[in-house]
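Asks: entry_35.txt is the file, holding compact mmCIF, C-alpha atoms:
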```txt
# COMPACT_ATOMS: atom_id res chain seq x y z
CA MET R 1 -7.56 -0.09 -24.32
CA SER R 2 -6.96 -3.41 -22.55
CA CYS R 3 -6.05 -6.69 -24.25
CA VAL R 4 -9.57 -7.97 -23.60
CA GLN R 5 -11.14 -4.92 -25.26
CA ARG R 6 -8.83 -5.25 -28.28
CA ALA R 7 -9.72 -8.94 -28.61
CA LEU R 8 -13.42 -8.16 -28.45
CA GLY R 9 -13.03 -5.48 -31.11
CA ILE R 10 -11.18 -7.78 -33.51
CA ARG R 11 -13.77 -10.56 -33.06
CA LEU R 12 -16.56 -8.07 -33.72
CA LEU R 13 -14.92 -6.81 -36.92
CA PHE R 14 -14.45 -10.35 -38.29
CA ARG R 15 -18.01 -11.34 -37.37
CA CYS R 16 -19.47 -8.33 -39.17
CA PHE R 17 -17.21 -8.91 -42.18
CA TRP R 18 -18.22 -12.59 -42.43
CA GLU R 19 -21.94 -11.83 -42.25
CA GLU R 20 -21.65 -9.29 -45.07
CA SER R 21 -19.39 -11.55 -47.10
CA LYS R 22 -22.01 -14.32 -47.05
CA LEU R 23 -24.43 -11.92 -48.73
CA SER R 24 -22.09 -10.64 -51.43
CA LEU R 25 -19.79 -13.61 -51.96
CA GLY R 26 -22.37 -16.37 -51.90
CA ASN R 27 -21.01 -17.96 -55.07
CA CYS R 28 -17.54 -18.39 -53.61
CA ASN R 29 -16.68 -21.73 -52.06
CA PHE R 30 -15.03 -21.28 -48.65
CA THR R 31 -14.04 -24.38 -46.75
CA SER R 32 -12.56 -24.96 -43.33
CA ASN R 33 -11.09 -28.30 -44.46
CA ALA R 34 -7.36 -27.58 -44.78
CA SER R 35 -6.75 -30.64 -46.97
CA ALA R 36 -9.46 -29.71 -49.49
CA THR R 37 -7.48 -26.84 -51.01
CA SER R 38 -3.76 -26.80 -51.49
CA ASP R 39 -1.55 -23.76 -51.00
CA THR R 40 -0.80 -23.75 -54.75
CA GLU R 41 -4.50 -23.66 -55.64
CA LEU R 42 -5.14 -20.85 -53.18
CA ALA R 43 -2.26 -18.82 -54.57
CA GLY R 44 -3.77 -19.00 -58.06
CA ARG R 45 -7.14 -17.61 -57.03
CA ASN R 46 -8.14 -13.95 -56.98
CA PHE R 47 -10.70 -13.02 -54.34
CA VAL R 48 -12.23 -9.65 -55.04
CA ILE R 49 -14.44 -7.90 -52.49
CA PRO R 50 -17.27 -6.05 -54.25
CA PRO R 51 -17.44 -2.27 -53.59
CA SER R 52 -20.93 -2.71 -52.13
CA LEU R 53 -19.41 -4.91 -49.42
CA HIS R 54 -17.08 -2.14 -48.34
CA SER R 55 -19.86 0.34 -47.71
CA ARG R 56 -22.21 -2.10 -45.94
CA PHE R 57 -19.31 -3.51 -43.91
CA TRP R 58 -18.13 -0.17 -42.58
CA GLN R 59 -21.67 1.07 -41.95
CA ARG R 60 -22.38 -1.92 -39.76
CA THR R 61 -18.99 -2.20 -38.05
CA SER R 62 -18.72 1.51 -37.29
CA SER R 63 -22.04 1.51 -35.47
CA SER R 64 -21.23 -1.79 -33.71
CA VAL R 65 -17.81 -0.63 -32.61
CA CYS R 66 -19.21 2.64 -31.30
CA GLN R 67 -21.81 0.70 -29.36
CA MET R 68 -19.09 -1.53 -27.91
CA ALA R 69 -17.02 1.50 -26.95
CA ARG R 70 -19.98 3.06 -25.18
CA SER R 71 -20.75 -0.16 -23.32
CA ASN R 72 -17.11 -0.38 -22.19
CA SER R 73 -16.73 3.30 -21.31
CA THR R 74 -16.88 2.41 -17.63
CA LEU R 75 -13.94 0.00 -17.89
CA SER R 76 -10.62 1.11 -16.42
CA LYS R 77 -8.43 3.23 -18.67
CA GLY R 78 -5.23 2.55 -16.77
CA MET R 79 -2.62 4.84 -15.25
CA ASP R 80 1.17 4.97 -15.34
CA LEU R 81 2.80 3.26 -12.37
CA LYS R 82 4.61 6.45 -11.33
CA GLU R 83 1.31 8.32 -11.04
CA VAL R 84 -0.26 5.44 -9.10
CA LEU R 85 2.65 5.49 -6.68
CA ARG R 86 2.37 9.24 -6.26
CA ILE R 87 -1.27 8.80 -5.21
CA LEU R 88 -0.45 5.89 -2.88
CA TYR R 89 2.35 7.84 -1.18
CA ARG R 90 0.12 10.87 -0.74
CA PHE R 91 -2.63 8.70 0.75
CA ALA R 92 -0.29 7.08 3.27
CA PRO R 93 3.30 8.40 3.39
CA CYS R 94 5.97 5.77 3.96
CA SER R 95 7.22 7.94 6.84
CA LEU R 96 4.27 6.60 8.87
CA ALA R 97 5.81 3.12 8.88
CA GLU R 98 7.75 1.68 11.79
CA ASP R 99 11.55 1.94 11.48
CA TRP R 100 11.94 -1.84 11.23
CA ASP R 101 9.40 -2.24 8.42
CA ASN R 102 9.97 -2.64 4.67
CA VAL R 103 7.32 -0.63 2.86
CA GLY R 104 6.72 1.01 -0.50
CA LEU R 105 7.46 -0.30 -3.99
CA LEU R 106 9.25 -3.64 -3.66
CA VAL R 107 9.13 -4.91 -7.27
CA GLU R 108 9.15 -2.50 -10.22
CA PRO R 109 8.68 -3.67 -13.81
CA THR R 110 10.81 -1.94 -16.45
CA PRO R 111 9.15 1.39 -17.28
CA PRO R 112 6.91 2.46 -18.79
CA HIS R 113 4.42 0.34 -16.88
CA GLN R 114 0.70 0.94 -17.26
CA VAL R 115 -1.51 -0.13 -14.34
CA THR R 116 -4.98 -1.16 -15.45
CA THR R 117 -5.74 -3.60 -12.62
CA MET R 118 -4.54 -3.29 -9.03
CA PHE R 119 -4.87 -6.43 -6.94
CA LEU R 120 -5.26 -6.19 -3.15
CA THR R 121 -4.23 -8.96 -0.76
CA ASN R 122 -3.21 -9.31 2.85
CA ASP R 123 -0.62 -12.04 2.23
CA LEU R 124 1.01 -12.69 -1.13
CA THR R 125 1.23 -16.48 -1.31
CA GLU R 126 1.90 -18.49 -4.46
CA GLU R 127 -1.81 -19.28 -4.76
CA VAL R 128 -2.72 -15.63 -4.41
CA LEU R 129 -0.11 -14.65 -7.01
CA THR R 130 -1.64 -17.13 -9.46
CA GLU R 131 -5.02 -15.50 -8.88
CA ALA R 132 -3.53 -12.05 -9.47
CA ILE R 133 -1.89 -13.15 -12.73
CA ASP R 134 -5.12 -14.82 -13.90
CA LYS R 135 -6.91 -11.52 -13.31
CA ARG R 136 -4.28 -9.76 -15.45
CA SER R 137 -3.09 -7.62 -12.57
CA ASP R 138 -0.41 -5.03 -13.26
CA LEU R 139 0.25 -4.10 -9.63
CA ILE R 140 -0.23 -6.09 -6.43
CA LEU R 141 -0.76 -4.20 -3.19
CA ALA R 142 0.27 -6.75 -0.57
CA TYR R 143 -0.38 -5.50 2.96
CA HIS R 144 2.40 -7.71 4.37
CA PRO R 145 5.70 -7.15 2.52
CA PRO R 146 6.70 -10.33 0.62
CA ILE R 147 10.29 -9.06 0.78
CA PHE R 148 11.09 -8.45 4.44
CA VAL R 149 14.48 -9.94 5.19
CA PRO R 150 17.16 -9.37 2.50
CA LEU R 151 17.21 -11.89 -0.37
CA LYS R 152 20.67 -13.13 -1.39
CA ARG R 153 19.44 -14.87 -4.53
CA LEU R 154 16.29 -15.42 -6.62
CA THR R 155 15.81 -19.13 -7.33
CA MET R 156 13.05 -21.69 -7.31
CA ALA R 157 14.26 -23.06 -3.98
CA ASN R 158 11.57 -21.54 -1.76
CA ALA R 159 8.17 -19.86 -1.99
CA LYS R 160 9.38 -16.33 -1.19
CA GLU R 161 11.88 -16.35 -4.04
CA ARG R 162 9.49 -18.05 -6.49
CA ILE R 163 6.88 -15.36 -5.85
CA ILE R 164 9.30 -12.57 -6.75
CA VAL R 165 10.58 -14.40 -9.83
CA ARG R 166 7.07 -15.04 -11.16
CA ALA R 167 6.03 -11.45 -10.52
CA ILE R 168 9.02 -10.19 -12.49
CA GLU R 169 8.41 -12.68 -15.31
CA ASN R 170 4.80 -11.51 -15.61
CA ARG R 171 5.64 -7.79 -15.29
CA VAL R 172 3.62 -7.44 -12.09
CA GLY R 173 4.71 -4.71 -9.66
CA ILE R 174 4.48 -5.27 -5.90
CA TYR R 175 3.77 -2.52 -3.38
CA SER R 176 3.48 -3.00 0.38
CA PRO R 177 2.10 -0.45 2.89
CA HIS R 178 2.03 -2.59 6.08
CA THR R 179 2.52 -0.40 9.18
CA CYS R 180 1.80 2.77 7.14
CA TYR R 181 -1.81 1.62 7.00
CA ASP R 182 -1.74 0.61 10.67
CA ALA R 183 -0.74 4.12 11.70
CA LEU R 184 -2.91 5.91 9.13
CA GLU R 185 -5.96 7.80 10.35
CA GLY R 186 -8.86 5.80 8.93
CA GLY R 187 -6.53 2.84 8.42
CA VAL R 188 -6.47 -0.74 9.68
CA ASN R 189 -6.60 -0.01 13.42
CA ASP R 190 -9.38 2.55 13.06
CA TRP R 191 -11.34 0.02 10.99
CA LEU R 192 -10.81 -2.58 13.73
CA ALA R 193 -12.09 -0.11 16.34
CA GLU R 194 -15.32 0.40 14.39
CA GLY R 195 -16.48 -3.06 15.46
CA LEU R 196 -16.49 -2.18 19.16
CA GLY R 197 -19.46 0.18 19.09
CA THR R 198 -19.58 3.94 19.63
CA CYS R 199 -16.32 5.04 21.27
CA SER R 200 -13.61 7.68 21.31
CA VAL R 201 -10.43 6.54 19.58
CA GLU R 202 -6.87 7.79 20.08
CA PRO R 203 -3.50 6.32 18.97
CA LEU R 204 -1.47 4.62 21.70
CA THR R 205 1.60 6.48 20.41
CA THR R 206 1.46 9.30 17.85
CA SER R 207 3.34 9.31 14.55
CA ARG R 208 5.64 12.24 13.85
CA LYS R 209 6.63 14.09 10.70
CA PRO R 210 10.15 13.44 9.43
CA LEU R 211 12.60 16.31 9.86
CA ALA R 212 13.22 18.34 6.72
CA ASN R 213 16.37 17.25 4.86
CA GLY R 214 17.33 15.05 7.80
CA TRP R 215 18.38 18.03 9.93
CA THR R 216 18.52 17.12 13.62
CA HIS R 217 19.94 20.25 15.25
CA LYS R 218 19.74 24.03 15.00
CA ILE R 219 22.89 26.02 15.83
CA GLU R 220 22.89 29.73 16.71
CA TYR R 221 25.93 31.93 17.29
CA LEU R 222 26.93 35.59 17.14
CA GLU R 223 29.53 37.09 14.84
CA THR R 224 31.13 40.51 15.43
CA ASP R 225 33.29 42.80 13.33
CA SER R 226 36.38 41.19 14.85
CA SER R 227 35.22 37.59 14.56
CA ALA R 228 33.60 35.53 11.84
CA MET R 229 32.71 31.85 11.87
CA SER R 230 34.31 29.73 9.19
CA LEU R 231 32.14 26.63 8.72
CA PRO R 232 33.78 23.41 7.50
CA PRO R 233 33.25 22.51 3.83
CA ASP R 234 30.06 20.46 3.51
CA TRP R 235 30.70 17.59 1.15
CA SER R 236 27.81 15.40 2.31
CA GLY R 237 24.86 17.80 2.56
CA SER R 238 24.95 17.63 6.35
CA ILE R 239 25.00 21.40 6.96
CA SER R 240 22.48 23.96 5.67
CA PRO R 241 23.38 27.43 4.32
CA VAL R 242 23.85 30.02 7.08
CA THR R 243 21.08 32.56 7.71
CA LYS R 244 22.47 35.88 8.98
CA ILE R 245 20.50 38.69 10.68
CA GLN R 246 22.07 42.02 11.65
CA THR R 247 21.42 42.96 15.31
CA THR R 248 22.68 45.73 17.63
CA THR R 249 25.25 43.36 19.18
CA GLY R 250 26.48 41.78 15.97
CA ILE R 251 25.35 39.33 13.31
CA GLN R 252 23.02 36.57 14.53
CA CYS R 253 23.79 33.38 12.56
CA VAL R 254 21.55 30.32 12.30
CA VAL R 255 22.41 27.01 10.67
CA THR R 256 20.73 23.58 10.75
CA CYS R 257 22.60 20.33 10.42
CA SER R 258 22.58 16.58 10.87
CA GLU R 259 24.39 14.67 13.63
CA GLN R 260 27.40 14.39 11.33
CA GLY R 261 27.30 18.11 10.54
CA LEU R 262 27.11 18.97 14.25
CA VAL R 263 30.35 17.09 14.92
CA SER R 264 32.12 18.94 12.08
CA ILE R 265 30.92 22.34 13.33
CA MET R 266 31.99 21.59 16.90
CA LYS R 267 35.51 20.81 15.67
CA SER R 268 35.66 24.12 13.80
CA MET R 269 34.42 25.98 16.87
CA GLU R 270 37.51 24.98 18.89
CA ASP R 271 39.66 27.48 16.97
CA GLN R 272 37.18 30.35 17.44
CA PRO R 273 36.77 30.90 21.22
CA ASP R 274 34.96 34.28 20.92
CA ILE R 275 32.18 32.75 18.83
CA LYS R 276 32.11 29.60 20.94
CA LYS R 277 30.96 31.69 23.93
CA THR R 278 27.76 32.61 22.03
CA PHE R 279 27.24 29.10 20.66
CA GLN R 280 23.79 27.50 21.30
CA VAL R 281 22.55 24.11 20.10
CA THR R 282 18.89 23.11 19.95
CA LYS R 283 17.81 19.55 19.16
CA LEU R 284 14.99 19.59 16.63
CA GLU R 285 11.85 17.62 17.46
CA LYS R 286 9.61 15.86 14.97
CA LEU R 287 6.12 17.35 14.97
CA PRO R 288 3.26 14.97 15.87
CA ILE R 289 0.66 14.06 13.23
CA PRO R 290 -2.75 14.06 14.98
CA GLY R 291 -4.87 10.93 14.53
CA THR R 292 -2.01 8.72 13.38
CA GLY R 293 0.21 6.29 15.22
CA THR R 294 0.62 2.82 16.67
CA GLY R 295 -2.45 0.95 17.97
CA ARG R 296 -5.58 2.60 19.35
CA MET R 297 -7.10 3.25 22.77
CA CYS R 298 -10.88 2.98 22.59
CA LYS R 299 -13.16 4.32 25.33
CA LEU R 300 -16.70 2.99 24.94
CA GLN R 301 -19.45 5.55 25.18
CA ASN R 302 -21.64 2.94 26.83
CA PRO R 303 -19.78 0.19 28.75
CA VAL R 304 -20.85 -3.37 27.86
CA PRO R 305 -20.35 -6.86 29.36
CA MET R 306 -17.37 -8.85 28.09
CA ALA R 307 -19.68 -11.34 26.35
CA THR R 308 -21.29 -8.52 24.34
CA LEU R 309 -17.92 -7.13 23.29
CA VAL R 310 -16.76 -10.56 22.14
CA GLN R 311 -19.88 -10.96 20.03
CA ARG R 312 -19.35 -7.56 18.42
CA VAL R 313 -15.79 -8.48 17.51
CA LYS R 314 -16.91 -11.76 15.91
CA GLU R 315 -19.57 -10.03 13.85
CA HIS R 316 -17.22 -7.28 12.68
CA LEU R 317 -14.53 -9.72 11.60
CA GLY R 318 -16.90 -12.38 10.30
CA LEU R 319 -15.58 -15.04 12.66
CA GLN R 320 -17.39 -17.86 14.42
CA HIS R 321 -14.71 -18.23 17.07
CA VAL R 322 -12.11 -16.10 18.84
CA GLN R 323 -9.76 -16.87 21.73
CA LEU R 324 -10.49 -15.23 25.07
CA ALA R 325 -8.32 -15.01 28.17
CA LEU R 326 -10.22 -13.43 31.06
CA GLY R 327 -8.29 -11.08 33.29
CA SER R 328 -7.76 -11.97 36.96
CA GLN R 329 -11.01 -11.73 38.90
CA LYS R 330 -12.95 -11.09 35.65
CA SER R 331 -15.87 -12.96 34.05
CA GLN R 332 -17.88 -12.72 30.84
CA ASP R 333 -20.29 -10.47 32.74
CA SER R 334 -17.56 -8.02 33.73
CA GLU R 335 -18.08 -4.49 32.45
CA VAL R 336 -15.76 -3.26 29.69
CA LYS R 337 -15.05 0.47 29.39
CA THR R 338 -11.68 0.60 27.62
CA VAL R 339 -10.19 -1.53 24.85
CA ALA R 340 -6.59 -1.21 23.62
CA ILE R 341 -6.24 -2.61 20.11
CA CYS R 342 -3.43 -3.38 17.71
CA ALA R 343 -4.02 -5.24 14.45
CA GLY R 344 -1.77 -8.21 13.73
CA SER R 345 0.78 -9.02 16.42
CA GLY R 346 0.14 -6.48 19.17
CA ALA R 347 2.17 -7.61 22.17
CA SER R 348 4.90 -4.95 21.91
CA ALA R 349 2.42 -2.11 21.37
CA LEU R 350 -0.04 -3.21 24.06
CA ARG R 351 2.42 -4.27 26.75
CA ARG R 352 1.68 -2.45 30.05
CA VAL R 353 -1.03 -0.27 28.46
CA PRO R 354 -3.80 0.16 31.08
CA ALA R 355 -7.09 -1.13 29.62
CA ASP R 356 -9.92 -3.53 30.45
CA VAL R 357 -9.31 -5.54 27.27
CA TYR R 358 -6.55 -6.07 24.72
CA LEU R 359 -7.78 -6.86 21.19
CA THR R 360 -5.20 -8.12 18.69
CA GLY R 361 -4.41 -10.97 16.32
CA GLU R 362 -1.79 -12.82 18.30
CA MET R 363 0.28 -12.60 21.49
CA SER R 364 2.80 -14.92 23.09
CA HIS R 365 1.80 -17.18 25.96
CA HIS R 366 3.81 -15.18 28.49
CA ASP R 367 2.49 -11.81 27.30
CA ILE R 368 -1.04 -13.14 27.79
CA LEU R 369 -0.22 -14.35 31.29
CA ALA R 370 1.25 -10.96 32.19
CA ALA R 371 -1.87 -9.14 30.95
CA VAL R 372 -4.22 -11.50 32.78
CA ALA R 373 -2.27 -11.03 36.01
CA ARG R 374 -2.85 -7.27 35.73
CA GLY R 375 -6.60 -7.86 35.37
CA THR R 376 -6.68 -7.20 31.61
CA SER R 377 -8.63 -9.65 29.43
CA VAL R 378 -7.24 -10.60 26.01
CA ILE R 379 -9.14 -11.31 22.78
CA LEU R 380 -7.11 -13.00 20.03
CA CYS R 381 -8.50 -13.44 16.51
CA ASN R 382 -5.45 -14.83 14.60
CA HIS R 383 -3.01 -12.43 13.01
CA SER R 384 -4.43 -11.58 9.60
CA ASN R 385 -8.11 -11.80 10.64
CA THR R 386 -7.63 -8.42 12.35
CA GLU R 387 -6.33 -6.90 9.08
CA ARG R 388 -7.89 -8.55 6.04
CA GLY R 389 -11.36 -7.01 6.30
CA TYR R 390 -9.87 -3.55 5.78
CA LEU R 391 -9.00 -4.45 2.18
CA HIS R 392 -12.61 -3.95 1.09
CA VAL R 393 -12.67 -0.50 2.69
CA LEU R 394 -9.32 0.24 1.07
CA GLY R 395 -10.55 -0.92 -2.33
CA ALA R 396 -13.36 1.66 -2.31
CA LYS R 397 -10.96 4.41 -1.18
CA LEU R 398 -8.39 3.63 -3.87
CA THR R 399 -11.02 3.43 -6.60
CA ASP R 400 -12.05 6.95 -5.64
CA LEU R 401 -8.47 8.27 -5.35
CA LEU R 402 -7.55 6.78 -8.73
CA LYS R 403 -10.73 8.32 -10.20
CA GLY R 404 -11.86 4.98 -11.63
CA ALA R 405 -8.90 4.83 -14.03
CA VAL R 406 -7.65 1.62 -12.38
CA ASN R 407 -9.72 -1.48 -11.72
CA VAL R 408 -9.20 -2.38 -8.04
CA VAL R 409 -9.72 -6.06 -7.18
CA VAL R 410 -9.63 -7.75 -3.77
CA SER R 411 -8.31 -11.33 -3.62
CA SER R 412 -10.84 -14.08 -3.02
CA VAL R 413 -8.11 -16.68 -2.34
CA ASP R 414 -6.26 -14.83 0.42
CA ALA R 415 -7.18 -16.20 3.86
CA ASP R 416 -5.70 -16.71 7.33
CA PRO R 417 -3.75 -20.00 7.37
CA LEU R 418 -5.21 -21.05 10.74
CA ASN R 419 -8.66 -22.58 11.16
CA VAL R 420 -10.48 -23.83 14.23
CA VAL R 421 -11.35 -27.52 13.66
```
Take the structure I supplied and represent it as structure tokens, if you would.
Replies:
Amino acid sequence: MSCVQRALGIRLLFRCFWEESKLSLGNCNFTSNASATSDTELAGRNFVIPPSLHSRFWQRTSSSVCQMARSNSTLSKGMDLKEVLRILYRFAPCSLAEDWDNVGLLVEPTPPHQVTTMFLTNDLTEEVLTEAIDKRSDLILAYHPPIFVPLKRLTMANAKERIIVRAIENRVGIYSPHTCYDALEGGVNDWLAEGLGTCSVEPLTTSRKPLANGWTHKIEYLETDSSAMSLPPDWSGSISPVTKIQTTTGIQCVVTCSEQGLVSIMKSMEDQPDIKKTFQVTKLEKLPIPGTGTGRMCKLQNPVPMATLVQRVKEHLGLQHVQLALGSQKSQDSEVKTVAICAGSGASALRRVPADVYLTGEMSHHDILAAVARGTSVILCNHSNTERGYLHVLGAKLTDLLKGAVNVVVSSVDADPLNVV
């Protein structure tokens, strides 16, 4: 039960008690004037509640409380933070994130920590944090990580540090998915592509599954009756147990290892020339995850003029204005068949990708010039405008995944800092 529900229950109990007391204790003189009755006088009085009051009181309050419970049955029950995180990780594994990113749980209140309200925002500013605290949020899902570069101290000196301090003081956890949601199938980039019209959508580059246990290589070698491989002691978990299979020519041995383990095995192999002759090393490849990855290439089912595409983008993002750089020899009437998109800052992902149009939040002046020179038009919408609208889609998904146990709220204060004036 939340604090609000408990408060409502207590108020209801006192209201019912007071209404019954007025009927049964009408001869008693109750006053709200503190000076009218001294503490000594109060201590000398005996206030007795008639037995009839007990029965009427509990009859009324029991039915009223049950009615309140039924009316609040749809309110969030809450869920332990660990279980919430398990669901978030399963929805979008942190392995989908770019190597340079800082994703996952960034601020963890001392356990146990019950999450009744989850607050969604694109950017966690001080104003947004105040809104989250006012809404009694237990966990903030901030798309952009508020901790990105390492913090050497937590003081009141700057906004980044103040945000973390206030979150800790108010026992508010902070979780950031960032590029996990960019790469996710059905994530930010797929949502952005929905505004273009009917089209086929494929990632520009595909995400890959992490290698099990960090193994990077598979080693195979053959042992005979006269020779046996003695692997180095593995103190760091860099070498797997050896799998041995009896064959007609000897014992086929297979072991997987990390880069560090490979170096150790190669050193041991120098003293065993017979086995070294049968030694084979295979570099393990990460398996692709279909539908996930950086950016998206969109091929329109029905090509449209540039002006039409721009209008669709504005409507999808709820913007009155966007920035447009027309490619060399292109006009607003030029036909658009392919659009390469990347939410946020897309220059590195879109650079040299062949497409009629690049759609992103921001690009540098020189990246725009390079695209225009290649005949590619560029639509810029400001960084977070290409991301923020996904929060409402995400809110519905998380409500379903959390089975309604957590109240999911989207910030109404969060907004792109840039405005066209």
Asks: What gap, in Å, lies between CA of Lys218 (chain R) and CA of Gln280 (chain R)?
Replies: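 Computing the Euclidean distance for CA of Lys218 (chain R) and CA of Gln280 (chain R) yields 8.3 Å.
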Asks: Within 9 Å of Ala307 (chain R), counting only C-alpha atoms, which residues show up once you throw out same-chain ones fewer than 5 positions away? Write them as a list of chain:residue names, please.
Replies: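 What passes the distance filter is R:Arg312, R:Ser331, R:Gln332, R:Asp333, R:Ser334.
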Asks: Enumerate, in order of chain and increasing residue number, the residues of region 348-388 of chain R with an atom no farther than 12 Å from region 156-178 of chain R, each with its shortest atom pair and distance in Å to one decimal, counting all atoms listed in the file, as CSV.
Replies:
```
residue,atom,partner,partner_atom,distance
R:Ser384,CA,R:His178,CA,11.6
R:Glu387,CA,R:His178,CA,9.9
R:Arg388,CA,R:His178,CA,11.6
```
Asks: Can you tell me how far CA of Lys82 (chain R) sits from CA of Gly237 (chain R), in Å to one decimal?
Replies: 27.1 Å
Asks: Could you jot down the CA of Lys267 (chain R) to CA of Gln246 (chain R) separation for me, Å, one decimal place?
Replies: 25.4 Å
Asks: Of the candidates R:Asn407, R:Thr292, R:Gly195, R:Leu287, which shows the shortest atom-to-atom distance to Gly318 (chain R), using all atoms listed in the file?
Replies: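 Looking at the shortest contact to Gly318 (chain R), the residue is R:Gly195.
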Asks: For Met118 (chain R), which of R:Gly395, R:Gly375, R:Pro233, R:Pro417 is the closest residue, counting all atoms listed in the file?
Replies: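 Among the listed residues, the smallest separation from Met118 (chain R) belongs to R:Gly395.
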Asks: Find the residue from R:Ser377, R:Thr278, R:Gln329, R:Thr399 that sits nearest to Val310 (chain R); use only C-alpha atoms when measuring.
Replies: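 Looking at the shortest contact to Val310 (chain R), the residue is R:Ser377.
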Asks: Would you mind telling me which residue in R:Arg90, R:His392, R:Lys283, R:Lys77 lies nearest to Phe119 (chain R) when using all atoms listed in the file?
Replies: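 Checking each candidate against Phe119 (chain R), we get R:His392 as the closest.
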